[in-house]
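**Q** Below you'll find final_6.csv; it's CSV, C-alpha atoms.
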```
chain,number,residue,atom,x,y,z
A,1,MET,CA,-21.7,63.0,20.3
A,2,THR,CA,-22.7,61.2,23.4
A,3,ASN,CA,-21.9,62.5,26.9
A,4,THR,CA,-19.5,59.6,27.4
A,5,VAL,CA,-17.5,60.6,24.3
A,6,ILE,CA,-17.5,64.3,25.3
A,7,SER,CA,-16.3,63.4,28.8
A,8,ARG,CA,-13.5,61.2,27.3
A,9,VAL,CA,-12.4,64.1,25.0
A,10,ALA,CA,-12.5,66.6,27.9
A,11,PHE,CA,-10.5,64.2,30.0
A,12,ALA,CA,-7.9,63.7,27.3
A,13,VAL,CA,-7.5,67.5,26.7
A,14,ALA,CA,-7.2,68.2,30.5
A,15,THR,CA,-4.7,65.4,30.9
A,16,PHE,CA,-2.4,65.9,27.9
A,17,LEU,CA,-2.3,69.7,27.3
A,18,PRO,CA,-0.4,70.4,30.6
A,19,VAL,CA,2.0,67.6,29.8
A,20,MET,CA,2.7,69.2,26.4
A,21,GLY,CA,3.4,72.5,28.1
A,22,PHE,CA,0.3,74.3,27.0
A,23,SER,CA,-2.2,75.4,29.6
A,24,ALA,CA,-4.6,78.2,30.1
A,25,GLU,CA,-2.8,79.5,33.1
A,26,LEU,CA,0.8,80.6,33.3
A,27,ASP,CA,2.8,80.6,36.5
A,28,ALA,CA,4.0,83.9,37.9
A,29,PRO,CA,7.7,84.6,37.3
A,30,ALA,CA,9.9,84.0,40.3
A,31,GLY,CA,12.9,85.8,38.9
A,32,PRO,CA,13.5,89.1,37.0
A,33,VAL,CA,11.1,89.4,34.0
A,34,LEU,CA,12.9,89.3,30.7
A,35,LEU,CA,9.9,89.3,28.4
A,36,THR,CA,6.4,90.6,28.6
A,37,VAL,CA,3.8,89.5,26.0
A,38,SER,CA,0.6,91.5,25.7
A,39,GLY,CA,-2.3,92.2,23.3
A,40,ALA,CA,-4.3,89.5,21.6
A,41,ILE,CA,-3.4,86.7,24.0
A,42,GLU,CA,-5.6,84.3,25.9
A,43,ASN,CA,-3.2,83.2,28.7
A,44,SER,CA,-1.7,85.6,31.1
A,45,ASN,CA,-0.2,85.8,34.6
A,46,THR,CA,-0.4,89.5,35.5
A,47,ALA,CA,-3.3,91.6,36.8
A,48,ASN,CA,-3.4,93.6,33.6
A,49,GLY,CA,-3.7,90.5,31.3
A,50,ASP,CA,-0.1,90.3,30.1
A,51,ALA,CA,2.2,87.2,30.1
A,52,ALA,CA,5.4,87.9,32.0
A,53,PHE,CA,8.4,85.5,31.6
A,54,ASP,CA,11.6,85.1,33.5
A,55,ARG,CA,14.5,83.0,32.2
A,56,GLU,CA,13.3,79.8,33.9
A,57,MET,CA,9.8,80.1,32.5
A,58,LEU,CA,11.2,80.5,28.9
A,59,GLN,CA,13.5,77.5,29.4
A,60,ALA,CA,10.6,75.5,30.7
A,61,LEU,CA,8.7,75.9,27.4
A,62,GLY,CA,11.3,73.7,25.8
A,63,ALA,CA,14.7,74.6,24.4
A,64,GLU,CA,15.6,74.6,20.7
A,65,THR,CA,19.1,75.0,19.3
A,66,ILE,CA,20.0,76.8,16.1
A,67,GLU,CA,23.5,76.4,14.7
A,68,THR,CA,24.1,79.1,12.2
A,69,THR,CA,26.2,82.0,11.1
A,70,THR,CA,24.9,85.5,11.3
A,71,ILE,CA,25.8,88.8,9.6
A,72,TRP,CA,26.4,90.3,13.1
A,73,THR,CA,28.8,87.7,14.5
A,74,GLU,CA,32.0,85.9,13.5
A,75,GLY,CA,31.9,82.2,12.6
A,76,MET,CA,29.4,79.5,13.5
A,77,GLN,CA,27.2,80.3,16.4
A,78,SER,CA,25.0,78.1,18.6
A,79,PHE,CA,21.8,79.8,19.9
A,80,GLU,CA,19.5,78.2,22.4
A,81,GLY,CA,16.0,79.5,23.1
A,82,VAL,CA,12.3,78.9,22.9
A,83,SER,CA,10.6,78.5,19.5
A,84,LEU,CA,8.6,81.6,18.5
A,85,ARG,CA,5.8,79.1,17.6
A,86,VAL,CA,5.8,77.5,21.1
A,87,LEU,CA,5.9,80.9,22.8
A,88,MET,CA,2.9,82.1,20.8
A,89,ASP,CA,1.1,78.9,21.6
A,90,ALA,CA,1.9,79.2,25.3
A,91,VAL,CA,0.3,82.7,25.5
A,92,GLY,CA,-2.6,81.7,23.3
A,93,ALA,CA,-1.8,84.3,20.7
A,94,THR,CA,-4.9,85.0,18.6
A,95,GLY,CA,-3.5,87.8,16.4
A,96,SER,CA,-1.7,87.6,13.0
A,97,ILE,CA,1.2,89.8,13.7
A,98,MET,CA,3.5,90.6,16.6
A,99,LYS,CA,5.2,93.8,17.4
A,100,ALA,CA,8.6,92.9,18.9
A,101,THR,CA,10.2,95.8,20.9
A,102,ALA,CA,13.7,96.1,22.3
A,103,ILE,CA,15.0,97.7,25.5
A,104,ASN,CA,15.8,100.9,23.5
A,105,ASP,CA,12.2,101.0,22.0
A,106,TYR,CA,13.3,99.8,18.5
A,107,SER,CA,10.5,97.6,17.2
A,108,VAL,CA,9.7,95.3,14.3
A,109,GLU,CA,6.7,93.5,13.1
A,110,ILE,CA,6.9,89.7,12.7
A,111,PRO,CA,4.0,88.1,10.9
A,112,ALA,CA,2.3,84.8,12.1
A,113,GLU,CA,3.8,83.1,9.0
A,114,ASP,CA,7.1,83.2,10.8
A,115,TRP,CA,5.8,81.4,13.9
A,116,VAL,CA,6.5,78.0,12.4
A,117,GLU,CA,8.2,74.8,13.4
A,118,ASN,CA,12.0,74.9,12.7
A,119,GLY,CA,11.7,78.7,12.4
A,120,PRO,CA,12.9,81.5,14.6
A,121,ILE,CA,13.6,81.2,18.3
A,122,VAL,CA,13.7,83.7,21.1
A,123,ALA,CA,17.3,83.0,22.1
A,124,TYR,CA,18.4,83.3,25.7
A,125,SER,CA,21.9,81.9,25.2
A,126,ASN,CA,24.7,82.1,22.6
A,127,ASN,CA,27.4,79.5,22.5
A,128,GLY,CA,26.2,78.2,25.9
A,129,GLU,CA,26.4,81.6,27.6
A,130,GLU,CA,23.6,83.9,28.7
A,131,MET,CA,23.7,87.1,26.6
A,132,SER,CA,24.3,90.4,28.3
A,133,VAL,CA,22.7,93.6,27.0
A,134,ARG,CA,26.1,94.5,25.6
A,135,ASP,CA,26.1,91.2,23.7
A,136,LYS,CA,22.6,91.6,22.1
A,137,GLY,CA,20.8,90.0,25.1
A,138,PRO,CA,19.2,89.1,27.2
A,139,LEU,CA,16.9,87.9,24.4
A,140,TRP,CA,17.4,87.9,20.6
A,141,VAL,CA,15.0,86.7,17.9
A,142,VAL,CA,17.2,84.4,15.8
A,143,TYR,CA,16.3,82.7,12.6
A,144,PRO,CA,18.0,79.6,11.2
A,145,TYR,CA,19.7,81.7,8.6
A,146,ASP,CA,21.9,79.0,7.1
A,147,SER,CA,19.0,76.6,6.7
A,148,SER,CA,17.4,78.4,3.7
A,149,PRO,CA,18.0,81.3,1.4
A,150,ASN,CA,14.6,82.5,2.4
A,151,TYR,CA,16.1,83.3,5.8
A,152,GLN,CA,18.9,85.4,4.2
A,153,THR,CA,17.0,88.5,3.2
A,154,GLU,CA,16.9,92.0,4.4
A,155,VAL,CA,13.4,91.6,5.6
A,156,ILE,CA,14.4,88.6,7.8
A,157,TYR,CA,17.5,90.4,9.1
A,158,SER,CA,15.3,93.3,10.1
A,159,ARG,CA,13.1,91.0,12.1
A,160,SER,CA,16.1,89.6,14.0
A,161,ILE,CA,15.6,92.0,16.9
A,162,TRP,CA,18.0,91.8,19.8
A,163,GLN,CA,17.6,93.1,23.4
A,164,LEU,CA,14.0,92.0,23.0
A,165,ASP,CA,12.0,92.8,26.1
A,166,ARG,CA,8.3,92.9,25.0
A,167,ILE,CA,6.0,91.6,22.4
A,168,THR,CA,2.5,92.9,21.5
A,169,VAL,CA,0.3,90.5,19.6
A,170,GLU,CA,-2.1,92.2,17.2
```
Translate this structure into structure tokens?
**A**
Amino acid sequence: MTNTVISRVAFAVATFLPVMGFSAELDAPAGPVLLTVSGAIENSNTANGDAAFDREMLQALGAETIETTTIWTEGMQSFEGVSLRVLMDAVGATGSIMKATAINDYSVEIPAEDWVENGPIVAYSNNGEEMSVRDKGPLWVVYPYDSSPNYQTEVIYSRSIWQLDRITVE
């Protein structure tokens, strides 16, 4: 490649990645931290190399909505949150599995195969309302259960961790 082509590619990357929401640097949280991502990640915003997110930062990554029923709720539910794929891209995850842990230290492993488009989200609202700890919040990994029988298995239900507050990428 010539220097001109390399310069044009570098300019395009520098120009368009921030617009798409992916950059090497994450802003520091301004509000209470809801989620901390650590481990095999390239992008962080804390002195110890973790990525800390408040609600506004999660929302800024782009909201997705999943309309589905669940085995834990009554009737159709509308969940809004950030795609697990987008979150892992934002932190520059380099691992193949994440250990998702709840406030009460319950944890599950979610493989990279689940970090897909139209897959699970880290939900921060249910039916338009922020979720309290009492209501499985403030964050809940929600899959689009009604979209496929593949999302209606005990394995997937076990990965649907609520009261999520930290993720370690391995």
**Q** From the list A:Gly92, A:Pro149, A:Pro144, A:Gly31, which residue is nearest A:Ala51 when using all atoms listed in the file?
**A**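 Nearest candidate to A:Ala51 out of A:Gly92, A:Pro149, A:Pro144, A:Gly31: A:Gly92.
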**Q** Quote the spacing between atom CA of A:Gly137 and atom CA of A:Ile66 in Å to one decimal place.
**A**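 Straight-line distance from atom CA of A:Gly137 to atom CA of A:Ile66 works out to 16.0 Å.
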**Q** Within 12 Å of A:Ile97, counting all atoms listed in the file, which residues qualify if same-chain residues fewer than 4 places away don't, as JSON, numbers by chain?
**A** {"A": [39, 40, 41, 88, 93, 108, 109, 110, 111, 112, 113, 114, 115, 167, 168, 169, 170]}
**Q** With only C-alpha atoms as the atoms that count, which of A:Ser160, A:Asn104, A:Thr65, A:Asn48 lies nearest to A:Glu80?
**A**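 Closest to A:Glu80, using only C-alpha atoms: A:Thr65.
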**Q** Go through A:Glu42, A:Asp146, A:Asp50, A:Glu74 and flag the residue nearest A:Pro120, using all atoms listed in the file for the distances.
**A**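 Closest to A:Pro120 of all the choices is A:Asp146.
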**Q** Would you kindly return, as a PyMOL selection string, each protein, DNA or RNA residue with an atom no farther than 12 Å from any atom of A:Met131, considering all atoms listed in the file and excluding same-chain residues fewer than 4 positions away?
**A** chain A and resi 34+55+79-81+122-127+135-140+162-164
**Q** Generate a file of the selected residues that holds C-alpha atoms, formatted as a PDB file, keeping the file's coordinate frame.
**A**
```pdb
ATOM      1  CA  LEU A  34      12.900  89.300  30.700  1.00  0.00           C
ATOM      2  CA  ARG A  55      14.500  83.000  32.200  1.00  0.00           C
ATOM      3  CA  PHE A  79      21.800  79.800  19.900  1.00  0.00           C
ATOM      4  CA  GLU A  80      19.500  78.200  22.400  1.00  0.00           C
ATOM      5  CA  GLY A  81      16.000  79.500  23.100  1.00  0.00           C
ATOM      6  CA  VAL A 122      13.700  83.700  21.100  1.00  0.00           C
ATOM      7  CA  ALA A 123      17.300  83.000  22.100  1.00  0.00           C
ATOM      8  CA  TYR A 124      18.400  83.300  25.700  1.00  0.00           C
ATOM      9  CA  SER A 125      21.900  81.900  25.200  1.00  0.00           C
ATOM     10  CA  ASN A 126      24.700  82.100  22.600  1.00  0.00           C
ATOM     11  CA  ASN A 127      27.400  79.500  22.500  1.00  0.00           C
ATOM     12  CA  ASP A 135      26.100  91.200  23.700  1.00  0.00           C
ATOM     13  CA  LYS A 136      22.600  91.600  22.100  1.00  0.00           C
ATOM     14  CA  GLY A 137      20.800  90.000  25.100  1.00  0.00           C
ATOM     15  CA  PRO A 138      19.200  89.100  27.200  1.00  0.00           C
ATOM     16  CA  LEU A 139      16.900  87.900  24.400  1.00  0.00           C
ATOM     17  CA  TRP A 140      17.400  87.900  20.600  1.00  0.00           C
ATOM     18  CA  TRP A 162      18.000  91.800  19.800  1.00  0.00           C
ATOM     19  CA  GLN A 163      17.600  93.100  23.400  1.00  0.00           C
ATOM     20  CA  LEU A 164      14.000  92.000  23.000  1.00  0.00           C
TER      21      LEU A 164
END
```
**Q** What does the distance from atom CA of A:Thr69 to atom CA of A:Tyr145 come to in Å, to one decimal?
**A** 7.0 Å
**Q** Between A:Tyr106, A:Asp89, A:Ser83, A:Lys99, which is the closest to A:Gly119 once you count only C-alpha atoms?
**A** A:Ser83
**Q** Counting only C-alpha atoms, figure out which residue out of A:Thr36, A:Val155, A:Ser78, A:Ala90 gets nearest to A:Glu130.
**A**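 Selected residue with least distance to A:Glu130: A:Ser78.
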**Q** Please identify all polymer residues within 6 Å of A:Arg166, counting all atoms listed in the file, omitting same-chain residues fewer than 2 positions from it, and present them as an MDAnalysis selection string.
**A** chainID A and resid 35:37 101
**Q** What gap, in Å, lies between atom CA of A:Val133 and atom CA of A:Gly62?
**A** 23.0 Å
**Q** Between A:Leu84, A:Ala30, A:Met76, A:Ile156, single out the one closest to A:Glu64, counting all atoms listed in the file.
**A**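 Comparing A:Leu84, A:Ala30, A:Met76, A:Ile156 against A:Glu64, the winner is A:Leu84.
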**Q** Around all the atoms of stretch 97-100 of chain A listed in the file, draw an axis-aligned box and extend it by 3 Å on each of the six sides; I want its centre and edge lengths in Å to one decimal, as JSON.
**A**
```
{"center_x": 4.9, "center_y": 91.8, "center_z": 16.3, "size_x": 13.4, "size_y": 10.0, "size_z": 11.2}
```
